[in-house]
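Content type mmCIF, C-alpha atoms, from the file coords.cif:
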```
data_final
loop_
_atom_site.label_atom_id
_atom_site.label_comp_id
_atom_site.auth_asym_id
_atom_site.auth_seq_id
_atom_site.Cartn_x
_atom_site.Cartn_y
_atom_site.Cartn_z
CA MET A 1458 21.56 -9.62 18.39
CA ARG A 1459 17.77 -9.41 18.67
CA ASP A 1460 16.35 -7.38 21.54
CA LEU A 1461 14.27 -9.91 23.52
CA VAL A 1462 12.23 -9.10 26.61
CA GLU A 1463 10.70 -11.52 29.07
CA ILE A 1464 6.93 -11.14 29.22
CA GLY A 1465 6.35 -13.96 31.72
CA MET A 1466 7.97 -17.11 33.01
CA GLY A 1467 9.45 -19.01 30.09
CA ARG A 1468 8.08 -16.65 27.43
CA THR A 1469 10.03 -13.94 25.64
CA ALA A 1470 9.06 -11.54 22.89
CA ARG A 1471 11.08 -9.49 20.48
CA ARG A 1472 11.09 -5.74 20.98
CA ALA A 1473 10.00 -4.02 17.76
CA TYR A 1474 9.64 -0.42 16.66
CA ASP A 1475 7.12 1.68 14.79
CA LEU A 1476 7.99 4.56 12.49
CA GLY A 1477 7.15 6.97 15.31
CA ASP A 1478 9.88 5.38 17.43
CA VAL A 1479 12.73 6.15 15.02
CA GLU A 1480 14.29 9.38 13.77
CA ILE A 1481 16.53 10.17 10.80
CA VAL A 1482 20.02 11.44 11.64
CA PRO A 1483 21.46 14.30 9.53
CA SER A 1484 24.93 13.75 8.09
CA ARG A 1485 27.82 16.13 7.49
CA ARG A 1486 26.63 16.82 3.95
CA THR A 1487 23.53 18.64 2.67
CA ARG A 1488 22.40 19.35 -0.86
CA SER A 1489 19.73 21.29 -2.73
CA SER A 1490 16.39 19.51 -3.00
CA ALA A 1491 16.41 20.53 -6.68
CA VAL A 1492 19.08 17.87 -7.37
CA VAL A 1493 17.34 15.09 -5.45
CA SER A 1494 15.58 12.28 -7.34
CA THR A 1495 12.59 10.38 -5.92
CA ALA A 1496 12.26 8.16 -9.00
CA TRP A 1497 12.04 4.37 -8.74
CA GLN A 1498 11.49 1.54 -11.18
CA ILE A 1499 9.88 -1.88 -10.87
CA ASP A 1500 10.44 -4.23 -13.78
CA ALA A 1501 10.13 -2.11 -16.96
CA TYR A 1502 7.95 0.56 -15.30
CA ARG A 1503 9.50 3.79 -14.06
CA PHE A 1504 7.78 6.28 -11.72
CA ASP A 1505 8.77 9.78 -10.64
CA LEU A 1506 7.38 9.20 -7.15
CA PRO A 1507 7.80 6.18 -4.86
CA LEU A 1508 4.01 6.11 -4.52
CA VAL A 1509 1.67 3.16 -4.93
CA THR A 1510 -1.90 3.66 -3.77
CA HIS A 1511 -3.53 1.32 -1.28
CA PRO A 1512 -6.16 -0.43 -3.44
CA THR A 1513 -9.35 0.95 -1.95
CA ASP A 1514 -12.36 2.48 -3.70
CA ALA A 1515 -12.19 5.33 -1.18
CA ILE A 1516 -9.24 6.87 -3.04
CA VAL A 1517 -8.85 5.02 -6.36
CA SER A 1518 -11.37 5.41 -9.16
CA PRO A 1519 -10.46 5.05 -12.83
CA GLY A 1520 -10.14 8.83 -12.93
CA THR A 1521 -7.86 9.15 -9.91
CA ALA A 1522 -5.75 6.20 -11.11
CA VAL A 1523 -5.12 8.17 -14.29
CA GLU A 1524 -4.40 11.39 -12.39
CA ILE A 1525 -1.98 9.67 -9.99
CA GLY A 1526 -0.25 8.05 -12.96
CA LYS A 1527 0.17 11.42 -14.67
CA LEU A 1528 1.59 12.88 -11.45
CA GLY A 1529 4.26 10.18 -11.31
CA GLY A 1530 2.78 7.50 -9.04
CA LEU A 1531 0.96 4.20 -9.52
CA GLY A 1532 -2.77 4.00 -8.85
CA VAL A 1533 -3.93 0.46 -8.01
CA LEU A 1534 -7.53 -0.42 -8.80
CA ASN A 1535 -9.37 -2.89 -6.57
CA ALA A 1536 -10.49 -5.63 -8.96
CA GLU A 1537 -12.96 -6.85 -6.33
CA GLY A 1538 -14.27 -3.40 -5.46
CA LEU A 1539 -17.27 -1.28 -6.40
CA TRP A 1540 -16.14 -0.45 -9.94
CA ALA A 1541 -15.97 -4.17 -10.66
CA ARG A 1542 -19.47 -4.82 -9.31
CA HIS A 1543 -21.66 -1.77 -10.11
CA SER A 1544 -22.18 0.22 -13.28
CA ASN A 1545 -23.16 3.32 -11.28
CA VAL A 1546 -20.59 3.75 -8.52
CA ASP A 1547 -21.55 7.39 -7.99
CA ASP A 1548 -24.88 6.21 -6.65
CA ALA A 1549 -23.14 3.79 -4.27
CA MET A 1550 -20.91 6.61 -3.01
CA ARG A 1551 -23.95 8.83 -2.42
CA ARG A 1552 -25.51 6.06 -0.34
CA LEU A 1553 -22.34 5.85 1.75
CA LEU A 1554 -22.33 9.62 2.33
CA ASP A 1555 -25.99 9.47 3.37
CA ALA A 1556 -25.22 6.61 5.78
CA VAL A 1557 -22.74 8.86 7.62
CA LYS A 1558 -25.77 10.50 9.26
CA ASP A 1559 -26.99 7.18 10.65
CA GLU A 1560 -26.60 6.96 14.43
CA ASP A 1561 -25.81 3.24 14.14
CA SER A 1562 -22.01 3.02 14.05
CA THR A 1563 -22.16 -0.18 12.00
CA ALA A 1564 -24.35 1.27 9.23
CA LEU A 1565 -21.50 2.20 6.90
CA VAL A 1566 -19.81 -1.20 7.12
CA ARG A 1567 -23.14 -2.99 6.64
CA LEU A 1568 -23.77 -0.92 3.52
CA LEU A 1569 -20.30 -1.75 2.13
CA GLN A 1570 -20.97 -5.44 2.79
CA GLU A 1571 -24.26 -5.14 0.92
CA LEU A 1572 -22.63 -3.36 -2.03
CA HIS A 1573 -19.89 -6.00 -2.22
CA SER A 1574 -22.40 -8.86 -2.20
CA ALA A 1575 -23.04 -8.07 -5.88
CA PRO A 1576 -20.96 -10.30 -8.19
CA VAL A 1577 -17.76 -9.13 -9.87
CA GLN A 1578 -18.54 -8.52 -13.54
CA PRO A 1579 -15.58 -9.08 -15.91
CA GLU A 1580 -17.05 -6.69 -18.49
CA LEU A 1581 -17.07 -3.85 -15.94
CA LEU A 1582 -13.48 -4.67 -14.98
CA ALA A 1583 -12.45 -4.57 -18.65
CA GLU A 1584 -14.11 -1.17 -19.11
CA VAL A 1585 -12.35 0.30 -16.06
CA ILE A 1586 -8.95 -1.02 -17.12
CA ARG A 1587 -9.46 0.23 -20.68
CA THR A 1588 -10.19 3.74 -19.34
CA VAL A 1589 -6.87 3.83 -17.48
CA ARG A 1590 -4.87 2.20 -20.26
CA GLU A 1591 -6.15 4.59 -22.92
CA ALA A 1592 -4.95 7.51 -20.80
CA GLY A 1593 -1.39 6.30 -21.31
CA VAL A 1594 -0.48 5.50 -17.69
CA THR A 1595 0.61 2.17 -16.17
CA VAL A 1596 -2.36 -0.04 -15.29
CA ALA A 1597 -2.30 -1.92 -11.97
CA ALA A 1598 -5.02 -3.91 -10.22
CA ARG A 1599 -5.32 -5.78 -6.93
CA VAL A 1600 -6.83 -9.21 -6.32
CA SER A 1601 -7.09 -11.17 -3.10
CA PRO A 1602 -5.22 -14.49 -2.81
CA GLN A 1603 -8.59 -16.27 -2.63
CA ARG A 1604 -9.73 -14.94 -6.04
CA ALA A 1605 -6.42 -14.44 -7.82
CA ALA A 1606 -6.68 -17.55 -10.02
CA GLU A 1607 -10.26 -16.71 -10.99
CA LEU A 1608 -9.88 -13.01 -11.83
CA THR A 1609 -6.33 -12.70 -13.14
CA PRO A 1610 -7.06 -14.06 -16.65
CA HIS A 1611 -9.74 -11.36 -17.09
CA LEU A 1612 -7.33 -8.68 -15.85
CA ILE A 1613 -4.50 -9.77 -18.14
CA ALA A 1614 -6.84 -9.95 -21.13
CA ALA A 1615 -8.06 -6.41 -20.39
CA GLY A 1616 -4.49 -5.04 -20.29
CA VAL A 1617 -3.31 -4.95 -16.67
CA GLU A 1618 0.45 -4.35 -16.60
CA ILE A 1619 1.20 -4.85 -12.88
CA LEU A 1620 -0.75 -7.31 -10.74
CA VAL A 1621 -1.03 -6.85 -6.97
CA VAL A 1622 -1.96 -9.94 -4.94
CA GLN A 1623 -2.80 -8.54 -1.53
CA GLY A 1624 -4.48 -9.75 1.62
CA THR A 1625 -4.28 -8.64 5.25
CA ILE A 1626 -1.75 -11.42 5.77
CA ILE A 1627 -0.33 -13.43 2.87
CA SER A 1628 1.92 -16.46 2.57
CA ALA A 1629 3.71 -18.19 -0.28
CA GLU A 1630 0.96 -20.83 -0.38
CA HIS A 1631 -2.66 -20.06 0.49
CA VAL A 1632 -4.15 -23.27 1.89
CA SER A 1633 -7.91 -23.79 1.62
CA GLY A 1634 -10.16 -26.72 2.34
CA ASP A 1635 -10.40 -27.75 -1.29
CA ALA A 1636 -8.08 -28.54 -4.17
CA ASP A 1637 -7.86 -24.90 -5.28
CA SER A 1638 -5.06 -23.74 -2.97
CA LEU A 1639 -3.07 -20.87 -4.48
CA ASP A 1640 0.62 -21.73 -4.90
CA LEU A 1641 2.10 -18.30 -5.58
CA LYS A 1642 5.31 -19.63 -7.13
CA GLU A 1643 3.36 -21.64 -9.70
CA PHE A 1644 0.86 -18.79 -10.17
CA ILE A 1645 3.50 -16.09 -10.73
CA GLY A 1646 5.57 -18.36 -12.95
CA GLY A 1647 2.67 -18.63 -15.37
CA LEU A 1648 2.28 -14.85 -15.82
CA ASP A 1649 4.01 -12.41 -18.16
CA VAL A 1650 3.38 -9.38 -15.92
CA PRO A 1651 5.24 -8.43 -12.72
CA VAL A 1652 3.46 -9.34 -9.49
CA ILE A 1653 3.58 -7.44 -6.20
CA ALA A 1654 2.48 -9.56 -3.22
CA GLY A 1655 1.79 -8.94 0.46
CA GLY A 1656 1.33 -8.07 3.23
CA VAL A 1657 4.06 -9.52 5.35
CA ALA A 1658 5.56 -8.52 8.67
CA ASP A 1659 8.73 -10.57 9.11
CA TYR A 1660 11.97 -11.65 7.43
CA ARG A 1661 10.97 -15.27 6.87
CA THR A 1662 7.67 -14.58 5.10
CA ALA A 1663 9.25 -11.81 3.02
CA MET A 1664 11.96 -14.22 1.90
CA HIS A 1665 9.37 -16.88 1.02
CA LEU A 1666 7.44 -14.41 -1.13
CA MET A 1667 10.62 -13.27 -2.88
CA ARG A 1668 11.35 -16.90 -3.76
CA THR A 1669 7.97 -17.17 -5.50
CA GLY A 1670 9.20 -14.78 -8.18
CA ALA A 1671 7.34 -11.69 -6.94
CA ALA A 1672 8.76 -8.42 -8.26
CA GLY A 1673 7.74 -6.61 -5.08
CA VAL A 1674 6.74 -7.48 -1.53
CA ILE A 1675 4.27 -5.40 0.50
CA VAL A 1676 5.19 -4.94 4.16
CA GLY A 1677 2.30 -4.21 6.53
CA HIS A 1678 -1.47 -4.33 6.24
CA GLY A 1679 -2.43 -0.72 5.64
CA TYR A 1680 -2.76 0.19 9.32
CA THR A 1681 -4.37 3.57 9.95
CA PRO A 1682 -5.15 4.61 13.53
CA GLY A 1683 -8.90 4.86 14.12
CA ILE A 1684 -9.79 3.15 10.83
CA THR A 1685 -8.18 -0.27 10.44
CA SER A 1686 -8.95 -2.70 13.26
CA THR A 1687 -6.89 -5.80 12.44
CA ASP A 1688 -5.14 -5.48 15.79
CA ARG A 1689 -8.46 -5.47 17.65
CA VAL A 1690 -10.16 -8.17 15.57
CA LEU A 1691 -7.27 -10.60 15.02
CA GLY A 1692 -4.75 -9.47 17.63
CA ILE A 1693 -2.20 -9.02 14.83
CA GLY A 1694 -0.08 -5.90 14.67
CA VAL A 1695 2.87 -4.78 12.55
CA PRO A 1696 5.50 -2.44 14.08
CA MET A 1697 6.39 -0.88 10.73
CA ALA A 1698 9.99 0.28 11.24
CA THR A 1699 11.14 -3.19 12.33
CA ALA A 1700 9.00 -4.93 9.69
CA ILE A 1701 10.45 -2.81 6.85
CA ILE A 1702 14.03 -3.31 8.05
CA ASP A 1703 13.48 -7.08 8.32
CA ALA A 1704 12.04 -7.23 4.78
CA ALA A 1705 14.96 -5.13 3.51
CA ALA A 1706 17.32 -7.66 5.11
CA ALA A 1707 15.48 -10.45 3.28
CA ARG A 1708 15.85 -8.46 0.04
CA ARG A 1709 19.62 -8.18 0.59
CA ASP A 1710 20.00 -11.89 1.38
CA TYR A 1711 17.82 -12.89 -1.56
CA LEU A 1712 19.91 -10.67 -3.84
CA ASP A 1713 23.01 -12.61 -2.73
CA GLU A 1714 21.19 -15.95 -2.96
CA THR A 1715 20.14 -15.36 -6.57
CA GLY A 1716 23.25 -13.57 -7.76
CA GLY A 1717 21.52 -10.28 -8.46
CA ARG A 1718 17.70 -10.53 -8.51
CA TYR A 1719 16.34 -7.45 -6.75
CA VAL A 1720 12.86 -7.53 -5.19
CA HIS A 1721 11.26 -4.23 -4.21
CA VAL A 1722 9.93 -3.58 -0.72
CA LEU A 1723 6.73 -1.52 -0.45
CA ALA A 1724 5.70 -0.15 2.96
CA ASP A 1725 1.95 -0.19 3.58
CA GLY A 1726 0.61 1.37 6.77
CA GLY A 1727 1.58 3.57 9.68
CA MET A 1728 2.22 6.62 7.48
CA THR A 1729 0.19 9.81 7.78
CA THR A 1730 2.80 12.53 7.13
CA SER A 1731 5.74 13.28 4.86
CA GLY A 1732 8.07 12.52 7.77
CA ASP A 1733 6.60 9.02 8.05
CA ILE A 1734 7.20 8.48 4.33
CA ALA A 1735 10.81 9.61 4.71
CA LYS A 1736 11.34 7.25 7.65
CA ALA A 1737 9.83 4.31 5.74
CA ILE A 1738 12.29 4.86 2.86
CA ALA A 1739 15.14 5.34 5.35
CA CYS A 1740 14.29 1.97 6.92
CA GLY A 1741 14.70 0.32 3.52
CA ALA A 1742 11.44 0.65 1.58
CA ASP A 1743 11.71 1.28 -2.16
CA SER A 1744 8.22 2.76 -2.29
CA VAL A 1745 5.29 3.50 -0.02
CA MET A 1746 1.70 2.36 -0.38
CA LEU A 1747 -0.50 5.24 0.79
CA GLY A 1748 -4.17 5.09 1.69
CA ALA A 1749 -5.68 7.41 4.29
CA PRO A 1750 -3.37 10.41 3.56
CA LEU A 1751 -4.78 10.52 0.00
CA ALA A 1752 -8.38 10.70 1.26
CA ALA A 1753 -7.77 14.45 1.73
CA ALA A 1754 -7.63 14.93 -2.05
CA THR A 1755 -10.64 16.71 -3.53
CA GLU A 1756 -10.55 14.15 -6.37
CA ALA A 1757 -10.87 11.16 -4.02
CA PRO A 1758 -14.07 9.22 -4.85
CA GLY A 1759 -14.84 8.67 -1.16
CA HIS A 1760 -15.34 12.44 -0.66
CA GLY A 1761 -13.28 12.44 2.54
CA LEU A 1762 -14.32 8.98 3.78
CA TYR A 1763 -11.71 6.25 4.02
CA TRP A 1764 -11.81 2.47 4.39
CA THR A 1765 -9.75 -0.51 3.26
CA ALA A 1766 -10.97 -3.54 1.31
CA ALA A 1767 -11.20 -5.45 4.61
CA ALA A 1768 -14.18 -3.28 5.61
CA ALA A 1769 -16.42 -5.22 3.24
CA HIS A 1770 -15.54 -8.72 4.45
CA PRO A 1771 -18.89 -10.51 4.73
CA SER A 1772 -18.30 -12.06 8.16
CA LEU A 1773 -15.28 -10.42 9.82
CA PRO A 1774 -14.67 -6.80 8.72
CA ARG A 1775 -11.34 -5.36 9.85
CA SER A 1776 -11.72 -1.73 8.85
CA ARG A 1777 -14.11 1.00 9.82
CA VAL A 1778 -15.49 3.54 7.37
CA ALA A 1779 -14.36 6.84 8.81
CA ALA A 1780 -13.27 10.34 7.90
CA GLY A 1781 -9.75 10.67 6.54
CA PRO A 1782 -7.51 13.70 7.23
CA ASP A 1783 -9.32 16.89 8.20
CA LEU A 1784 -8.15 18.59 5.02
CA GLU A 1785 -9.40 19.27 1.53
CA VAL A 1786 -6.75 19.87 -1.10
CA GLY A 1787 -6.10 19.03 -4.73
CA LEU A 1788 -4.20 15.83 -5.45
CA LYS A 1789 -1.28 17.61 -7.13
CA THR A 1790 -0.87 19.96 -4.17
CA LEU A 1791 -1.20 17.04 -1.75
CA LEU A 1792 1.73 15.29 -3.42
CA TYR A 1793 3.90 18.19 -4.58
CA GLY A 1794 2.78 21.28 -2.64
CA PRO A 1795 2.95 24.14 -1.97
CA SER A 1796 1.63 23.67 1.53
CA SER A 1797 0.35 25.92 4.29
CA ASP A 1798 -0.03 22.92 6.61
CA ALA A 1799 2.78 22.71 9.17
CA GLU A 1800 2.09 19.09 10.20
CA GLY A 1801 3.38 17.27 7.11
CA ALA A 1802 -0.02 16.23 5.75
CA VAL A 1803 0.37 18.22 2.49
CA ASN A 1804 3.31 18.26 0.03
CA LEU A 1805 3.99 14.66 1.01
CA PHE A 1806 6.79 14.03 -1.46
CA GLY A 1807 8.19 17.53 -1.23
CA GLY A 1808 8.81 16.63 2.41
CA LEU A 1809 10.60 13.45 1.34
CA ARG A 1810 12.80 15.41 -1.09
CA ARG A 1811 13.69 17.91 1.61
CA ALA A 1812 14.55 15.13 4.09
CA MET A 1813 16.85 13.56 1.49
CA ALA A 1814 18.46 16.92 0.76
CA LYS A 1815 18.96 17.79 4.43
CA THR A 1816 20.81 14.51 4.97
CA GLY A 1817 22.87 14.77 1.78
CA TYR A 1818 21.41 11.93 -0.30
CA SER A 1819 20.60 12.26 -3.99
CA ASP A 1820 18.38 9.21 -4.64
CA LEU A 1821 16.21 6.68 -2.83
CA LYS A 1822 18.74 3.84 -2.80
CA GLU A 1823 21.35 6.10 -1.20
CA PHE A 1824 18.82 7.39 1.33
CA GLN A 1825 18.19 3.83 2.55
CA ARG A 1826 21.66 4.04 4.14
CA VAL A 1827 20.91 7.12 6.25
CA GLY A 1828 21.56 6.90 9.98
CA LEU A 1829 18.67 6.19 12.38
CA THR A 1830 18.16 6.60 16.10
CA VAL A 1831 15.53 5.15 18.41
CA ARG A 1832 13.60 7.34 20.83
CA GLY A 1833 14.45 6.63 24.47
#
```

Could you write out this structure as structure tokens?
Amino acid sequence: MRDLVEIGMGRTARRAYDLGDVEIVPSRRTRSSAVVSTAWQIDAYRFDLPLVTHPTDAIVSPGTAVEIGKLGGLGVLNAEGLWARHSNVDDAMRRLLDAVKDEDSTALVRLLQELHSAPVQPELLAEVIRTVREAGVTVAARVSPQRAAELTPHLIAAGVEILVVQGTIISAEHVSGDADSLDLKEFIGGLDVPVIAGGVADYRTAMHLMRTGAAGVIVGHGYTPGITSTDRVLGIGVPMATAIIDAAAARRDYLDETGGRYVHVLADGGMTTSGDIAKAIACGADSVMLGAPLAAATEAPGHGLYWTAAAAHPSLPRSRVAAGPDLEVGLKTLLYGPSSDAEGAVNLFGGLRRAMAKTGYSDLKEFQRVGLTVRG
């Protein structure tokens, strides 16, 4: 039974929980972390880590996409970002770093809006995708629902293997004021590559997206305290623990409905430490979509700055440009350790492995059944 609370006469609301509200319960069995597997697979593509990057230029360049791929994750390029619009992104990044010194708090966002006013150039996109593909790692790129129909043919022609259709909030049918509404079911049905779509926050929308033929559904909108501002701008928030569990329930029901078609759930937002990652998987996520935690990597193109794609919206930005974690560490160490940080910000997936081992689970699907408690 859903936990409803009365918030006024005649109006109730559902009580929901964030990852910080839940804890993982140890079981009677433990095992060595050396025999724990964090591998997952979506369609024909297998990864050693349940890691998909949030598609922001702050952490994903062609070079870091390759490096993340070699380390076992999936780097997602932003097909509407700086690498798709400018031939010299290093210069754009230098301008952003210079703008940090500006006393005007809006200077960084205004500069991102200016940089994103340049048109997307298909030839630049093709060059970026070729760089990643030639390195031998899986190539993934993100488009917004508004530009998916326009840009996807260029991405497919260039060699994209996984397409991510992502907006702050997404539905099975994007309705616009013209005849070019995006029907995701029709769109996905016409593609030969797996599509990951999101973000969603509830059972019903997750189920609708699964019925479009999506291979994966993103839960959340990349929330990072102090950086994303969707809650302040739109009044929309996503309590991640409840949202992931609801989407996992939709996955289970859709599996029964279709007689065996499994759709992956990717958690995006509310995670800053290895413990948060473990709790997201425990709530039912197959993989996590990380953004701000990866800004600590020395290889990150944003040089410590972090923002989401929503920061560059021309009329209603929903992300600040701000400093990521107060750390500086190599990407391999950030993901695999060793760590001298006692707060869970380094060795992110070593922490996940240890959590699985301490509770006696050998793989991610098993770990989704671990016991949970809610803080009082």

Around the point (-14.4, 0.7, 6.5), in the coordinates given by the file, pick out the residues reaching within 9 Å, counting all atoms listed in the file, and return them as a ChimeraX atom specification.
/A:1565-1566,1569,1684-1685,1762-1769,1774-1779

List the residues selected by the PyMOL selection byres ((chain A and resi 1823) around 12) in the file shown, writing them as number ranges by chain.
A: 1493-1495, 1738-1743, 1813-1814, 1816-1822, 1824-1828

9 Å contact set for Leu1792 (chain A), all atoms listed in the file, chain neighbours under 3 positions out, as a count of residues only
10

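Minimum distance to Leu1476 (chain A) across A:Val1690, A:Ala1592, A:Ile1619, A:Ile1701 (counting only C-alpha atoms) occurs at A:Ile1701.
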
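Atom pair CA of Ser1484 (chain A) / CA of Lys1815 (chain A) has a distance of 8.1 Å (rounded to one decimal).
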
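Ranking A:Leu1691, A:Gly1526, A:Thr1510, A:Ala1799 by their shortest atom-to-atom distance to Ile1675 (chain A), with only C-alpha atoms included, puts A:Thr1510 first.
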
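If all atoms listed in the file are the atoms counted, then among A:Ser1544, A:Ser1574, A:Thr1521, A:Ser1489 the closest residue to His1770 (chain A) is A:Ser1574.
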
N, CA and C atoms for region 1553-1577 of chain A, written as a PDB file, keeping the file's coordinate frame, could you do that?
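The result, stored in selection26.pdb:
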```
ATOM      1  N   LEU A1553     -23.299   5.862   0.644  1.00  0.00           N
ATOM      2  CA  LEU A1553     -22.340   5.850   1.750  1.00  0.00           C
ATOM      3  C   LEU A1553     -22.313   7.195   2.469  1.00  0.00           C
ATOM      4  N   LEU A1554     -22.338   8.282   1.713  1.00  0.00           N
ATOM      5  CA  LEU A1554     -22.330   9.620   2.330  1.00  0.00           C
ATOM      6  C   LEU A1554     -23.606   9.859   3.123  1.00  0.00           C
ATOM      7  N   ASP A1555     -24.729   9.338   2.633  1.00  0.00           N
ATOM      8  CA  ASP A1555     -25.990   9.470   3.370  1.00  0.00           C
ATOM      9  C   ASP A1555     -25.943   8.654   4.664  1.00  0.00           C
ATOM     10  N   ALA A1556     -25.288   7.493   4.605  1.00  0.00           N
ATOM     11  CA  ALA A1556     -25.220   6.610   5.780  1.00  0.00           C
ATOM     12  C   ALA A1556     -24.371   7.193   6.893  1.00  0.00           C
ATOM     13  N   VAL A1557     -23.553   8.197   6.580  1.00  0.00           N
ATOM     14  CA  VAL A1557     -22.740   8.860   7.620  1.00  0.00           C
ATOM     15  C   VAL A1557     -23.642   9.442   8.701  1.00  0.00           C
ATOM     16  N   LYS A1558     -24.855   9.864   8.309  1.00  0.00           N
ATOM     17  CA  LYS A1558     -25.770  10.500   9.260  1.00  0.00           C
ATOM     18  C   LYS A1558     -26.465   9.501  10.171  1.00  0.00           C
ATOM     19  N   ASP A1559     -26.330   8.214   9.851  1.00  0.00           N
ATOM     20  CA  ASP A1559     -26.990   7.180  10.650  1.00  0.00           C
ATOM     21  C   ASP A1559     -26.336   7.076  12.015  1.00  0.00           C
ATOM     22  N   GLU A1560     -27.143   7.037  13.077  1.00  0.00           N
ATOM     23  CA  GLU A1560     -26.600   6.960  14.430  1.00  0.00           C
ATOM     24  C   GLU A1560     -25.998   5.584  14.730  1.00  0.00           C
ATOM     25  N   ASP A1561     -26.367   4.577  13.966  1.00  0.00           N
ATOM     26  CA  ASP A1561     -25.810   3.240  14.140  1.00  0.00           C
ATOM     27  C   ASP A1561     -24.381   3.227  13.600  1.00  0.00           C
ATOM     28  N   SER A1562     -23.411   2.971  14.452  1.00  0.00           N
ATOM     29  CA  SER A1562     -22.010   3.020  14.050  1.00  0.00           C
ATOM     30  C   SER A1562     -21.629   1.932  13.059  1.00  0.00           C
ATOM     31  N   THR A1563     -22.460   0.907  12.934  1.00  0.00           N
ATOM     32  CA  THR A1563     -22.160  -0.180  12.000  1.00  0.00           C
ATOM     33  C   THR A1563     -22.812   0.010  10.634  1.00  0.00           C
ATOM     34  N   ALA A1564     -23.566   1.097  10.461  1.00  0.00           N
ATOM     35  CA  ALA A1564     -24.350   1.270   9.230  1.00  0.00           C
ATOM     36  C   ALA A1564     -23.472   1.331   7.986  1.00  0.00           C
ATOM     37  N   LEU A1565     -22.363   2.042   8.072  1.00  0.00           N
ATOM     38  CA  LEU A1565     -21.500   2.200   6.900  1.00  0.00           C
ATOM     39  C   LEU A1565     -20.879   0.870   6.486  1.00  0.00           C
ATOM     40  N   VAL A1566     -20.404   0.102   7.454  1.00  0.00           N
ATOM     41  CA  VAL A1566     -19.810  -1.200   7.120  1.00  0.00           C
ATOM     42  C   VAL A1566     -20.870  -2.134   6.563  1.00  0.00           C
ATOM     43  N   ARG A1567     -22.071  -2.125   7.151  1.00  0.00           N
ATOM     44  CA  ARG A1567     -23.140  -2.990   6.640  1.00  0.00           C
ATOM     45  C   ARG A1567     -23.491  -2.626   5.202  1.00  0.00           C
ATOM     46  N   LEU A1568     -23.478  -1.338   4.883  1.00  0.00           N
ATOM     47  CA  LEU A1568     -23.770  -0.920   3.520  1.00  0.00           C
ATOM     48  C   LEU A1568     -22.657  -1.372   2.565  1.00  0.00           C
ATOM     49  N   LEU A1569     -21.401  -1.261   2.970  1.00  0.00           N
ATOM     50  CA  LEU A1569     -20.300  -1.750   2.130  1.00  0.00           C
ATOM     51  C   LEU A1569     -20.427  -3.256   1.901  1.00  0.00           C
ATOM     52  N   GLN A1570     -20.779  -3.992   2.954  1.00  0.00           N
ATOM     53  CA  GLN A1570     -20.970  -5.440   2.790  1.00  0.00           C
ATOM     54  C   GLN A1570     -22.080  -5.734   1.793  1.00  0.00           C
ATOM     55  N   GLU A1571     -23.154  -4.961   1.869  1.00  0.00           N
ATOM     56  CA  GLU A1571     -24.260  -5.140   0.920  1.00  0.00           C
ATOM     57  C   GLU A1571     -23.803  -4.848  -0.509  1.00  0.00           C
ATOM     58  N   LEU A1572     -23.083  -3.740  -0.693  1.00  0.00           N
ATOM     59  CA  LEU A1572     -22.630  -3.360  -2.030  1.00  0.00           C
ATOM     60  C   LEU A1572     -21.665  -4.394  -2.607  1.00  0.00           C
ATOM     61  N   HIS A1573     -20.857  -5.005  -1.751  1.00  0.00           N
ATOM     62  CA  HIS A1573     -19.890  -6.000  -2.220  1.00  0.00           C
ATOM     63  C   HIS A1573     -20.490  -7.403  -2.346  1.00  0.00           C
ATOM     64  N   SER A1574     -21.749  -7.551  -1.988  1.00  0.00           N
ATOM     65  CA  SER A1574     -22.400  -8.860  -2.200  1.00  0.00           C
ATOM     66  C   SER A1574     -22.793  -9.047  -3.664  1.00  0.00           C
ATOM     67  N   ALA A1575     -22.789  -7.946  -4.442  1.00  0.00           N
ATOM     68  CA  ALA A1575     -23.040  -8.070  -5.880  1.00  0.00           C
ATOM     69  C   ALA A1575     -21.848  -8.766  -6.538  1.00  0.00           C
ATOM     70  N   PRO A1576     -22.072  -9.563  -7.568  1.00  0.00           N
ATOM     71  CA  PRO A1576     -20.960 -10.300  -8.190  1.00  0.00           C
ATOM     72  C   PRO A1576     -20.006  -9.392  -8.945  1.00  0.00           C
ATOM     73  N   VAL A1577     -18.739  -9.804  -9.009  1.00  0.00           N
ATOM     74  CA  VAL A1577     -17.760  -9.130  -9.870  1.00  0.00           C
ATOM     75  C   VAL A1577     -18.118  -9.424 -11.318  1.00  0.00           C
TER      76      VAL A1577
END
```
